[in-house]
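run.csv (CSV, N, CA and C atoms) appears below.
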chain,number,residue,atom,x,y,z
A,1,MET,N,38.2,56.4,26.6
A,1,MET,CA,38.2,57.1,25.3
A,1,MET,C,36.9,56.9,24.5
A,2,LYS,N,36.5,55.6,24.4
A,2,LYS,CA,35.4,55.2,23.7
A,2,LYS,C,34.1,55.9,24.3
A,3,GLU,N,34.0,55.9,25.6
A,3,GLU,CA,32.8,56.5,26.3
A,3,GLU,C,32.8,58.0,26.0
A,4,ASN,N,34.0,58.6,25.9
A,4,ASN,CA,34.0,60.1,25.6
A,4,ASN,C,33.5,60.3,24.2
A,5,ARG,N,33.9,59.5,23.3
A,5,ARG,CA,33.4,59.6,21.9
A,5,ARG,C,31.9,59.3,21.9
A,6,LEU,N,31.4,58.4,22.6
A,6,LEU,CA,30.0,58.1,22.7
A,6,LEU,C,29.2,59.2,23.3
A,7,ALA,N,29.7,59.8,24.3
A,7,ALA,CA,29.1,61.0,25.0
A,7,ALA,C,29.1,62.2,24.0
A,8,GLU,N,30.2,62.4,23.3
A,8,GLU,CA,30.3,63.5,22.3
A,8,GLU,C,29.3,63.3,21.2
A,9,LEU,N,29.2,62.1,20.6
A,9,LEU,CA,28.3,61.8,19.5
A,9,LEU,C,26.9,61.9,20.0
A,10,SER,N,26.6,61.5,21.2
A,10,SER,CA,25.2,61.6,21.7
A,10,SER,C,24.8,63.0,21.9
A,11,MET,N,25.7,63.9,22.3
A,11,MET,CA,25.4,65.3,22.5
A,11,MET,C,25.1,65.9,21.1
A,12,GLU,N,26.0,65.6,20.1
A,12,GLU,CA,25.8,66.2,18.8
A,12,GLU,C,24.4,65.7,18.2
A,13,PHE,N,24.1,64.4,18.5
A,13,PHE,CA,22.8,63.9,18.0
A,13,PHE,C,21.6,64.6,18.7
A,14,SER,N,21.8,64.9,20.0
A,14,SER,CA,20.7,65.6,20.8
A,14,SER,C,20.5,67.0,20.2
A,15,VAL,N,21.5,67.6,19.8
A,15,VAL,CA,21.4,69.0,19.2
A,15,VAL,C,20.7,68.9,17.9
A,16,ASP,N,21.0,67.9,17.1
A,16,ASP,CA,20.3,67.6,15.8
A,16,ASP,C,18.8,67.4,16.0
A,17,ILE,N,18.5,66.6,17.1
A,17,ILE,CA,17.1,66.2,17.3
A,17,ILE,C,16.4,67.5,17.8
A,18,ILE,N,17.0,68.3,18.6
A,18,ILE,CA,16.3,69.6,19.0
A,18,ILE,C,16.1,70.5,17.8
A,19,GLU,N,17.0,70.5,16.9
A,19,GLU,CA,16.8,71.3,15.7
A,19,GLU,C,15.7,70.7,14.9
A,20,LEU,N,15.6,69.4,14.8
A,20,LEU,CA,14.5,68.8,14.1
A,20,LEU,C,13.2,69.1,14.7
A,21,VAL,N,13.1,69.0,16.0
A,21,VAL,CA,11.9,69.3,16.8
A,21,VAL,C,11.4,70.7,16.5
A,22,LYS,N,12.4,71.7,16.5
A,22,LYS,CA,12.0,73.1,16.2
A,22,LYS,C,11.4,73.2,14.8
A,23,TYR,N,12.0,72.5,13.9
A,23,TYR,CA,11.4,72.5,12.5
A,23,TYR,C,10.0,71.9,12.5
A,24,LEU,N,9.9,70.7,13.1
A,24,LEU,CA,8.6,70.0,13.1
A,24,LEU,C,7.5,70.9,13.8
A,25,LYS,N,7.9,71.5,14.9
A,25,LYS,CA,6.9,72.4,15.6
A,25,LYS,C,6.5,73.6,14.7
A,26,SER,N,7.4,74.1,13.8
A,26,SER,CA,7.1,75.2,12.9
A,26,SER,C,6.1,74.7,11.8
A,27,THR,N,6.1,73.4,11.6
A,27,THR,CA,5.1,72.9,10.6
A,27,THR,C,3.8,72.5,11.2
A,28,LYS,N,3.7,72.7,12.5
A,28,LYS,CA,2.5,72.4,13.3
A,28,LYS,C,2.4,70.9,13.6
A,29,GLU,N,3.5,70.1,13.4
A,29,GLU,CA,3.5,68.7,13.8
A,29,GLU,C,3.9,68.6,15.2
A,30,SER,N,3.0,68.0,16.1
A,30,SER,CA,3.4,68.0,17.5
A,30,SER,C,3.4,66.6,18.0
A,31,ILE,N,2.7,65.6,17.5
A,31,ILE,CA,2.7,64.3,18.0
A,31,ILE,C,4.1,63.6,17.9
A,32,ILE,N,4.6,63.5,16.7
A,32,ILE,CA,5.9,62.8,16.5
A,32,ILE,C,7.0,63.7,17.1
A,33,SER,N,6.9,65.0,17.0
A,33,SER,CA,8.0,65.9,17.4
A,33,SER,C,8.2,65.7,19.0
A,34,ASN,N,7.1,65.6,19.7
A,34,ASN,CA,7.2,65.4,21.1
A,34,ASN,C,7.9,64.0,21.4
A,35,GLN,N,7.5,63.0,20.7
A,35,GLN,CA,8.0,61.7,20.9
A,35,GLN,C,9.5,61.6,20.6
A,36,ILE,N,9.9,62.1,19.4
A,36,ILE,CA,11.3,62.0,19.0
A,36,ILE,C,12.2,63.0,19.8
A,37,GLY,N,11.6,64.0,20.3
A,37,GLY,CA,12.3,64.9,21.2
A,37,GLY,C,12.7,64.3,22.5
A,38,ARG,N,11.7,63.5,23.0
A,38,ARG,CA,12.0,62.8,24.3
A,38,ARG,C,13.0,61.7,24.1
A,39,SER,N,12.7,60.8,23.1
A,39,SER,CA,13.6,59.6,22.9
A,39,SER,C,15.0,60.0,22.4
A,40,GLY,N,15.0,61.0,21.5
A,40,GLY,CA,16.3,61.4,20.9
A,40,GLY,C,17.3,62.0,21.9
A,41,THR,N,16.7,62.8,22.8
A,41,THR,CA,17.6,63.5,23.8
A,41,THR,C,17.9,62.6,25.0
A,42,SER,N,17.0,61.6,25.2
A,42,SER,CA,17.2,60.7,26.3
A,42,SER,C,18.4,59.8,26.1
A,43,ILE,N,18.8,59.6,24.9
A,43,ILE,CA,20.0,58.8,24.6
A,43,ILE,C,21.2,59.4,25.3
A,44,GLY,N,21.5,60.6,25.0
A,44,GLY,CA,22.6,61.3,25.6
A,44,GLY,C,22.5,61.4,27.1
A,45,ALA,N,21.3,61.7,27.6
A,45,ALA,CA,21.1,61.8,29.0
A,45,ALA,C,21.5,60.5,29.8
A,46,ASN,N,21.1,59.4,29.2
A,46,ASN,CA,21.4,58.1,29.8
A,46,ASN,C,22.9,57.8,29.7
A,47,ILE,N,23.5,58.1,28.6
A,47,ILE,CA,24.9,57.9,28.5
A,47,ILE,C,25.7,58.8,29.5
A,48,HIS,N,25.2,60.0,29.7
A,48,HIS,CA,25.8,60.9,30.7
A,48,HIS,C,25.7,60.3,32.1
A,49,GLU,N,24.5,59.9,32.4
A,49,GLU,CA,24.2,59.2,33.7
A,49,GLU,C,25.1,58.0,33.9
A,50,ALA,N,25.3,57.2,32.9
A,50,ALA,CA,26.2,56.0,33.0
A,50,ALA,C,27.6,56.4,33.4
A,51,GLN,N,28.1,57.5,33.1
A,51,GLN,CA,29.4,57.9,33.4
A,51,GLN,C,29.5,58.1,35.0
A,52,TYR,N,28.4,58.3,35.6
A,52,TYR,CA,28.4,58.4,37.1
A,52,TYR,C,27.6,57.3,37.8
A,53,ALA,N,27.6,56.2,37.1
A,53,ALA,CA,26.9,55.0,37.7
A,53,ALA,C,27.4,54.6,39.0
A,54,GLN,N,26.5,53.9,39.7
A,54,GLN,CA,26.8,53.4,41.1
A,54,GLN,C,27.2,51.9,40.9
A,55,GLY,N,28.1,51.6,40.1
A,55,GLY,CA,28.5,50.2,39.9
A,55,GLY,C,28.3,49.7,38.5
A,56,LYS,N,28.8,48.5,38.3
A,56,LYS,CA,28.7,47.9,37.0
A,56,LYS,C,27.3,47.7,36.5
A,57,LYS,N,26.4,47.2,37.4
A,57,LYS,CA,25.0,46.9,37.0
A,57,LYS,C,24.3,48.2,36.6
A,58,ASP,N,24.5,49.2,37.3
A,58,ASP,CA,23.9,50.5,37.0
A,58,ASP,C,24.4,51.1,35.7
A,59,PHE,N,25.7,51.0,35.5
A,59,PHE,CA,26.3,51.4,34.3
A,59,PHE,C,25.7,50.7,33.1
A,60,ILE,N,25.6,49.4,33.1
A,60,ILE,CA,25.1,48.6,32.0
A,60,ILE,C,23.6,49.0,31.8
A,61,SER,N,22.9,49.1,32.9
A,61,SER,CA,21.5,49.5,32.8
A,61,SER,C,21.2,50.8,32.1
A,62,LYS,N,22.0,51.8,32.4
A,62,LYS,CA,21.9,53.1,31.8
A,62,LYS,C,22.2,53.0,30.3
A,63,LEU,N,23.3,52.3,29.9
A,63,LEU,CA,23.6,52.1,28.5
A,63,LEU,C,22.5,51.3,27.8
A,64,GLU,N,21.9,50.4,28.4
A,64,GLU,CA,20.8,49.6,27.8
A,64,GLU,C,19.6,50.5,27.6
A,65,ILE,N,19.3,51.3,28.5
A,65,ILE,CA,18.2,52.3,28.3
A,65,ILE,C,18.5,53.2,27.2
A,66,ALA,N,19.7,53.7,27.1
A,66,ALA,CA,20.1,54.6,26.0
A,66,ALA,C,19.9,53.8,24.6
A,67,LEU,N,20.3,52.5,24.6
A,67,LEU,CA,20.1,51.7,23.4
A,67,LEU,C,18.6,51.6,23.0
A,68,LYS,N,17.8,51.4,24.0
A,68,LYS,CA,16.3,51.3,23.7
A,68,LYS,C,15.8,52.6,23.2
A,69,GLU,N,16.3,53.7,23.7
A,69,GLU,CA,15.9,55.0,23.3
A,69,GLU,C,16.4,55.3,21.9
A,70,ALA,N,17.5,54.8,21.5
A,70,ALA,CA,18.1,55.0,20.2
A,70,ALA,C,17.3,54.2,19.2
A,71,SER,N,16.8,53.0,19.6
A,71,SER,CA,16.0,52.2,18.7
A,71,SER,C,14.7,52.9,18.5
A,72,GLU,N,14.1,53.4,19.5
A,72,GLU,CA,12.8,54.1,19.4
A,72,GLU,C,13.0,55.3,18.5
A,73,THR,N,14.1,56.1,18.7
A,73,THR,CA,14.3,57.2,17.8
A,73,THR,C,14.4,56.9,16.4
A,74,GLY,N,15.1,55.7,16.1
A,74,GLY,CA,15.2,55.2,14.7
A,74,GLY,C,13.8,55.0,14.1
A,75,TYR,N,12.9,54.5,14.9
A,75,TYR,CA,11.5,54.3,14.5
A,75,TYR,C,10.8,55.6,14.1
A,76,TRP,N,11.0,56.6,15.0
A,76,TRP,CA,10.3,57.9,14.7
A,76,TRP,C,10.9,58.5,13.5
A,77,LEU,N,12.2,58.4,13.3
A,77,LEU,CA,12.9,59.0,12.1
A,77,LEU,C,12.3,58.3,10.8
A,78,GLU,N,12.1,57.0,10.9
A,78,GLU,CA,11.6,56.4,9.7
A,78,GLU,C,10.1,56.8,9.5
A,79,LEU,N,9.4,57.0,10.5
A,79,LEU,CA,8.0,57.4,10.4
A,79,LEU,C,7.9,58.8,9.8
A,80,LEU,N,8.8,59.7,10.3
A,80,LEU,CA,8.9,61.0,9.7
A,80,LEU,C,9.2,61.0,8.2
A,81,ARG,N,10.1,60.1,7.8
A,81,ARG,CA,10.4,60.0,6.4
A,81,ARG,C,9.2,59.5,5.6
A,82,ARG,N,8.6,58.5,6.1
A,82,ARG,CA,7.4,57.9,5.4
A,82,ARG,C,6.2,58.8,5.3
A,83,THR,N,6.1,59.7,6.2
A,83,THR,CA,5.0,60.7,6.2
A,83,THR,C,5.4,62.0,5.6
A,84,ASN,N,6.6,62.1,5.0
A,84,ASN,CA,7.2,63.2,4.3
A,84,ASN,C,7.4,64.5,5.1
A,85,TYR,N,7.6,64.3,6.4
A,85,TYR,CA,7.9,65.4,7.3
A,85,TYR,C,9.4,65.8,7.1
A,86,ILE,N,10.2,64.8,6.8
A,86,ILE,CA,11.6,65.1,6.5
A,86,ILE,C,12.0,64.4,5.1
A,87,ASP,N,13.0,65.1,4.5
A,87,ASP,CA,13.4,64.5,3.2
A,87,ASP,C,14.4,63.4,3.3
A,88,GLU,N,14.6,62.7,2.2
A,88,GLU,CA,15.5,61.6,2.2
A,88,GLU,C,16.9,61.9,2.8
A,89,GLN,N,17.4,63.0,2.4
A,89,GLN,CA,18.8,63.4,2.8
A,89,GLN,C,18.9,63.6,4.3
A,90,SER,N,17.9,64.3,4.9
A,90,SER,CA,17.8,64.5,6.3
A,90,SER,C,17.7,63.2,7.0
A,91,TYR,N,16.8,62.3,6.5
A,91,TYR,CA,16.6,61.0,7.1
A,91,TYR,C,17.9,60.2,7.1
A,92,LYS,N,18.5,60.2,6.0
A,92,LYS,CA,19.8,59.3,5.9
A,92,LYS,C,20.8,59.9,6.9
A,93,SER,N,21.0,61.2,7.0
A,93,SER,CA,22.0,61.7,7.9
A,93,SER,C,21.7,61.4,9.4
A,94,LEU,N,20.4,61.7,9.8
A,94,LEU,CA,20.0,61.4,11.2
A,94,LEU,C,20.0,59.9,11.5
A,95,SER,N,19.5,59.1,10.5
A,95,SER,CA,19.5,57.7,10.8
A,95,SER,C,20.9,57.1,10.9
A,96,ALA,N,21.8,57.6,10.1
A,96,ALA,CA,23.2,57.1,10.2
A,96,ALA,C,23.8,57.4,11.5
A,97,LYS,N,23.6,58.6,12.1
A,97,LYS,CA,24.1,59.0,13.4
A,97,LYS,C,23.4,58.1,14.5
A,98,CYS,N,22.1,57.9,14.3
A,98,CYS,CA,21.4,57.1,15.3
A,98,CYS,C,21.9,55.6,15.2
A,99,THR,N,22.2,55.1,14.1
A,99,THR,CA,22.8,53.8,13.9
A,99,THR,C,24.1,53.7,14.5
A,100,SER,N,25.0,54.7,14.3
A,100,SER,CA,26.3,54.7,14.9
A,100,SER,C,26.2,54.7,16.4
A,101,LEU,N,25.3,55.4,17.0
A,101,LEU,CA,25.1,55.4,18.4
A,101,LEU,C,24.7,54.0,18.9
A,102,ARG,N,23.8,53.4,18.2
A,102,ARG,CA,23.4,52.0,18.5
A,102,ARG,C,24.5,51.0,18.5
A,103,VAL,N,25.3,51.1,17.5
A,103,VAL,CA,26.5,50.2,17.3
A,103,VAL,C,27.5,50.4,18.5
A,104,MET,N,27.7,51.7,18.8
A,104,MET,CA,28.7,52.0,19.9
A,104,MET,C,28.1,51.5,21.2
A,105,LEU,N,26.8,51.7,21.4
A,105,LEU,CA,26.1,51.3,22.7
A,105,LEU,C,26.2,49.8,22.8
A,106,ILE,N,25.9,49.1,21.8
A,106,ILE,CA,25.9,47.6,21.8
A,106,ILE,C,27.3,47.1,22.2
A,107,ALA,N,28.4,47.7,21.5
A,107,ALA,CA,29.7,47.4,21.8
A,107,ALA,C,30.1,47.7,23.3
A,108,SER,N,29.7,48.8,23.8
A,108,SER,CA,30.0,49.2,25.1
A,108,SER,C,29.3,48.3,26.1
A,109,CYS,N,28.1,47.9,25.9
A,109,CYS,CA,27.4,47.0,26.8
A,109,CYS,C,28.1,45.7,26.8
A,110,ARG,N,28.5,45.2,25.6
A,110,ARG,CA,29.2,43.9,25.6
A,110,ARG,C,30.5,43.9,26.4
A,111,THR,N,31.2,45.0,26.1
A,111,THR,CA,32.5,45.1,26.8
A,111,THR,C,32.3,45.2,28.3
A,112,ALA,N,31.3,46.0,28.8
A,112,ALA,CA,31.1,46.1,30.2
A,112,ALA,C,30.6,44.8,30.8
A,113,LYS,N,29.8,44.0,30.1
A,113,LYS,CA,29.4,42.7,30.6
A,113,LYS,C,30.5,41.7,30.7
A,114,GLU,N,31.4,41.8,29.8
A,114,GLU,CA,32.5,40.8,29.7
A,114,GLU,C,33.6,41.1,30.7
A,115,LYS,N,33.7,42.4,31.2
A,115,LYS,CA,34.8,42.7,32.1
A,115,LYS,C,34.4,42.1,33.5
A,116,PRO,N,35.5,41.6,34.1
A,116,PRO,CA,35.2,41.0,35.5
A,116,PRO,C,35.0,42.2,36.5
A,117,GLN,N,34.3,41.9,37.5
A,117,GLN,CA,33.9,42.9,38.5
A,117,GLN,C,35.2,43.5,39.0
Represent the structure contained in this file as structure tokens.
Amino acid sequence: MKENRLAELSMEFSVDIIELVKYLKSTKESIISNQIGRSGTSIGANIHEAQYAQGKKDFISKLEIALKEASETGYWLELLRRTNYIDEQSYKSLSAKCTSLRVMLIASCRTAKEKPQ
């Protein structure tokens, strides 16, 4: 159940990121939009891949990659806020979703590592 919620939240976040990238491209910003587009959508892609992992190690590895991508996405969101490409409200909303994903990924990694083979 938790993984389904994680997959659902990551898909919603990916949609938000794609919408953000569309907006950024319309303002002619391409450097950060390319970076956040890749990292922000990679979170969900790795979570999806983890559902079809070839064992426990592979499952944990995919979730850890998703966690790293979420951390990177948080960095790009903060940079967009500091450079005034997004307003405070947009930043807070996207950052909160990104943080929720990180918290869920950390918990999922811990649970998977603690489970016996």
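One finds CA of Asp87 (chain A) at 13.9 Å from CA of Thr27 (chain A).
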**OP:** Name the residues in contact with Ser61 (chain A) at a cut-off of 8 Å, using all atoms listed in the file, excluding same-chain residues fewer than 5 positions from it; report them as a count of residues only.
**Re:** 7
CA of Ser30 (chain A) sits from CA of Tyr75 (chain A) at a separation of 16.2 Å
Need to verify the contact set: Met11 (chain A), 10 Å, only C-alpha atoms, exclusion of same-chain residues closer than 5 positions in sequence. Can you return it as an mmCIF file with N, CA and C atoms, keeping the file's coordinate frame?
data_model
loop_
_atom_site.group_PDB
_atom_site.id
_atom_site.type_symbol
_atom_site.label_atom_id
_atom_site.label_comp_id
_atom_site.auth_asym_id
_atom_site.auth_seq_id
_atom_site.Cartn_x
_atom_site.Cartn_y
_atom_site.Cartn_z
ATOM 1 N N ARG A 5 33.900 59.500 23.300
ATOM 2 C CA ARG A 5 33.400 59.600 21.900
ATOM 3 C C ARG A 5 31.900 59.300 21.900
ATOM 4 N N LEU A 6 31.400 58.400 22.600
ATOM 5 C CA LEU A 6 30.000 58.100 22.700
ATOM 6 C C LEU A 6 29.200 59.200 23.300
ATOM 7 N N ASP A 16 21.000 67.900 17.100
ATOM 8 C CA ASP A 16 20.300 67.600 15.800
ATOM 9 C C ASP A 16 18.800 67.400 16.000
ATOM 10 N N ILE A 17 18.500 66.600 17.100
ATOM 11 C CA ILE A 17 17.100 66.200 17.300
ATOM 12 C C ILE A 17 16.400 67.500 17.800
ATOM 13 N N THR A 41 16.700 62.800 22.800
ATOM 14 C CA THR A 41 17.600 63.500 23.800
ATOM 15 C C THR A 41 17.900 62.600 25.000
ATOM 16 N N ILE A 43 18.800 59.600 24.900
ATOM 17 C CA ILE A 43 20.000 58.800 24.600
ATOM 18 C C ILE A 43 21.200 59.400 25.300
ATOM 19 N N GLY A 44 21.500 60.600 25.000
ATOM 20 C CA GLY A 44 22.600 61.300 25.600
ATOM 21 C C GLY A 44 22.500 61.400 27.100
ATOM 22 N N ALA A 45 21.300 61.700 27.600
ATOM 23 C CA ALA A 45 21.100 61.800 29.000
ATOM 24 C C ALA A 45 21.500 60.500 29.800
ATOM 25 N N ILE A 47 23.500 58.100 28.600
ATOM 26 C CA ILE A 47 24.900 57.900 28.500
ATOM 27 C C ILE A 47 25.700 58.800 29.500
ATOM 28 N N HIS A 48 25.200 60.000 29.700
ATOM 29 C CA HIS A 48 25.800 60.900 30.700
ATOM 30 C C HIS A 48 25.700 60.300 32.100
#
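Closest to Val21 (chain A) among A:Ile106, A:Ala112, A:Ile36, A:Ile86 is A:Ile36, based on only N, CA and C atoms.
If you measure from each of A:Leu20, A:Ser33, A:Thr73, A:Lys57 to Ala96 (chain A) using only C-alpha atoms, the closest one turns out to be A:Thr73.
You will find atom C of Glu49 (chain A) at 11.5 Å from atom C of Ala7 (chain A).
When all atoms listed in the file are used to compute distances to Ile32 (chain A), the closest of the residues A:Tyr52, A:Phe13, A:Trp76, A:Phe59 turns out to be A:Trp76.
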Would you please give, as number ranges by chain, all residues of region 20-59 of chain A that DSSP assigns to alpha helix (DSSP H) based on the backbone? A: 20-26, 31-50, 56-59
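With only C-alpha atoms as the atoms that count, the minimum distance from Lys92 (chain A) to the choices A:Ala53, A:Leu24, A:Leu77, A:Ile65 is reached by A:Leu77.
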